[in-house]
Amino acid sequence: MARVDAADPVARRARLRLVGVLLAVLLAGLGACSTSSTESPSTPPARPDGSLEAARTKLGLVQQDPCYTSRDLAAQWPVCARWEEEVRNVAIAAAGARPANPEITDPAAAVEAGYERFLRAGCPAGVAPADPGACIAAVEATRTGVTRLAAGIAAAR
């Protein structure tokens, strides 16, 4: 094996390049770690879009749910608690986006009333209601509010 002379300028440059590359890799690795752990805690958290357009999009999604589309609510209502909550959130967002527009706020209040009926009747999953008919009526009331809300949002510009 050939011995490398410390005074050899080619060997010295090669070692310096190797040290420089290793140092760059090490610093890049440390830099990647430090940016994720040192982000400013004062950075505001991301907030959901409260615009009417976002409510319109979400409403379109909840209108595709079987709790809205099913013809057999007697079989469907036991799994509609989450849907009721989602629809209520959409109605709140829509009313917040256009608080002075009764074409939106009135149907949003109807959705809220249907949701409250659903809760009062003991309809959420895991609770045995005294009257399944009351749960079906509550889902129907919410569905009517959703239909009216969709029309109100569609009319709003």
# chains A, B, ... in the order shown; residues from 1 in each chain; ligands from 1

$ residues_around --residues "range 96-100 of chain A" --least-positions-apart "6" --cutoff "12 Å" --atoms "only C-alpha atoms" --output "list in words"
Asp49, Gly50, Ser51, Leu52, Glu53, Ala54, Ala55, Arg56, Asn89, Val90, Asp106, Pro107, Ala108, Ala109, Leu149, Gly152, Ile153, Ala156 and Arg157 of chain A

$ write_last_selection --atoms "N, CA and C atoms" --output "mmCIF file, in the first residue's frame"
data_model
loop_
_atom_site.group_PDB
_atom_site.id
_atom_site.type_symbol
_atom_site.label_atom_id
_atom_site.label_comp_id
_atom_site.auth_asym_id
_atom_site.auth_seq_id
_atom_site.Cartn_x
_atom_site.Cartn_y
_atom_site.Cartn_z
ATOM 1 N N ASP A 49 -61.645 27.286 5.836
ATOM 2 C CA ASP A 49 -62.250 28.347 5.047
ATOM 3 C C ASP A 49 -63.716 28.480 5.435
ATOM 4 N N GLY A 50 -64.110 29.647 5.909
ATOM 5 C CA GLY A 50 -65.483 29.873 6.322
ATOM 6 C C GLY A 50 -66.323 30.526 5.245
ATOM 7 N N SER A 51 -65.807 30.549 4.047
ATOM 8 C CA SER A 51 -66.515 31.241 2.977
ATOM 9 C C SER A 51 -67.754 30.480 2.540
ATOM 10 N N LEU A 52 -68.594 31.202 1.841
ATOM 11 C CA LEU A 52 -69.813 30.593 1.310
ATOM 12 C C LEU A 52 -69.477 29.508 0.291
ATOM 13 N N GLU A 53 -68.399 29.715 -0.459
ATOM 14 C CA GLU A 53 -67.991 28.710 -1.450
ATOM 15 C C GLU A 53 -67.612 27.400 -0.763
ATOM 16 N N ALA A 54 -66.918 27.488 0.364
ATOM 17 C CA ALA A 54 -66.562 26.277 1.117
ATOM 18 C C ALA A 54 -67.820 25.589 1.631
ATOM 19 N N ALA A 55 -68.773 26.364 2.129
ATOM 20 C CA ALA A 55 -70.034 25.787 2.600
ATOM 21 C C ALA A 55 -70.781 25.123 1.452
ATOM 22 N N ARG A 56 -70.757 25.752 0.286
ATOM 23 C CA ARG A 56 -71.410 25.182 -0.901
ATOM 24 C C ARG A 56 -70.793 23.815 -1.244
ATOM 25 N N ASN A 89 -72.730 21.787 11.036
ATOM 26 C CA ASN A 89 -71.519 22.587 10.870
ATOM 27 C C ASN A 89 -71.534 23.368 9.560
ATOM 28 N N VAL A 90 -72.013 22.749 8.505
ATOM 29 C CA VAL A 90 -72.111 23.433 7.215
ATOM 30 C C VAL A 90 -73.097 24.598 7.317
ATOM 31 N N ASP A 106 -82.235 31.519 7.403
ATOM 32 C CA ASP A 106 -83.472 30.813 7.768
ATOM 33 C C ASP A 106 -83.346 29.293 7.569
ATOM 34 N N PRO A 107 -82.870 28.826 6.404
ATOM 35 C CA PRO A 107 -82.677 27.386 6.267
ATOM 36 C C PRO A 107 -81.610 26.844 7.219
ATOM 37 N N ALA A 108 -80.596 27.651 7.513
ATOM 38 C CA ALA A 108 -79.579 27.211 8.476
ATOM 39 C C ALA A 108 -80.216 26.996 9.845
ATOM 40 N N ALA A 109 -81.153 27.866 10.220
ATOM 41 C CA ALA A 109 -81.876 27.693 11.483
ATOM 42 C C ALA A 109 -82.747 26.438 11.435
ATOM 43 N N LEU A 149 -81.397 25.105 2.328
ATOM 44 C CA LEU A 149 -80.108 25.760 2.438
ATOM 45 C C LEU A 149 -79.346 25.703 1.112
ATOM 46 N N GLY A 152 -80.798 28.288 -1.088
ATOM 47 C CA GLY A 152 -80.383 29.620 -0.648
ATOM 48 C C GLY A 152 -78.945 29.932 -1.015
ATOM 49 N N ILE A 153 -78.071 28.949 -0.864
ATOM 50 C CA ILE A 153 -76.668 29.155 -1.227
ATOM 51 C C ILE A 153 -76.524 29.304 -2.730
ATOM 52 N N ALA A 156 -77.442 32.783 -3.726
ATOM 53 C CA ALA A 156 -76.530 33.828 -3.237
ATOM 54 C C ALA A 156 -75.326 33.961 -4.153
ATOM 55 N N ARG A 157 -74.935 35.167 -4.363
ATOM 56 C CA ARG A 157 -73.737 35.418 -5.203
ATOM 57 C C ARG A 157 -72.805 36.327 -4.495
#

$ closest_residue --among "A:Ala151, A:Ala134, A:Ala110, A:Ile92" --to "Trp77 in chain A" --atoms "only C-alpha atoms"
A:Ala134

$ residues_around --residues "Leu73 in chain A" --least-positions-apart "6" --cutoff "10 Å" --atoms "only C-alpha atoms" --output "list of chain:residue names"
A:Pro66, A:Cys67, A:Cys80, A:Gly133, A:Cys135, A:Ile136, A:Ala137, A:Val139, A:Glu140

$ write_last_selection --atoms "N, CA and C atoms" --output "mmCIF file, in the first residue's frame"
data_model
loop_
_atom_site.group_PDB
_atom_site.id
_atom_site.type_symbol
_atom_site.label_atom_id
_atom_site.label_comp_id
_atom_site.auth_asym_id
_atom_site.auth_seq_id
_atom_site.Cartn_x
_atom_site.Cartn_y
_atom_site.Cartn_z
ATOM 1 N N PRO A 66 -76.098 8.833 2.325
ATOM 2 C CA PRO A 66 -77.353 8.077 2.405
ATOM 3 C C PRO A 66 -78.370 8.654 3.403
ATOM 4 N N CYS A 67 -77.905 9.377 4.405
ATOM 5 C CA CYS A 67 -78.851 9.997 5.340
ATOM 6 C C CYS A 67 -79.680 11.071 4.642
ATOM 7 N N CYS A 80 -77.162 8.121 11.374
ATOM 8 C CA CYS A 80 -77.147 9.494 10.867
ATOM 9 C C CYS A 80 -76.635 10.536 11.855
ATOM 10 N N GLY A 133 -89.883 6.838 15.491
ATOM 11 C CA GLY A 133 -90.606 7.753 14.611
ATOM 12 C C GLY A 133 -90.142 9.185 14.804
ATOM 13 N N CYS A 135 -87.121 10.050 15.597
ATOM 14 C CA CYS A 135 -85.800 10.151 14.953
ATOM 15 C C CYS A 135 -85.956 10.294 13.443
ATOM 16 N N ILE A 136 -86.875 9.548 12.885
ATOM 17 C CA ILE A 136 -87.129 9.650 11.449
ATOM 18 C C ILE A 136 -87.626 11.051 11.109
ATOM 19 N N ALA A 137 -88.535 11.567 11.926
ATOM 20 C CA ALA A 137 -89.065 12.916 11.699
ATOM 21 C C ALA A 137 -87.960 13.969 11.821
ATOM 22 N N VAL A 139 -84.686 13.526 11.199
ATOM 23 C CA VAL A 139 -83.838 13.453 10.010
ATOM 24 C C VAL A 139 -84.556 14.081 8.822
ATOM 25 N N GLU A 140 -85.852 13.835 8.707
ATOM 26 C CA GLU A 140 -86.622 14.453 7.619
ATOM 27 C C GLU A 140 -86.603 15.973 7.724
#
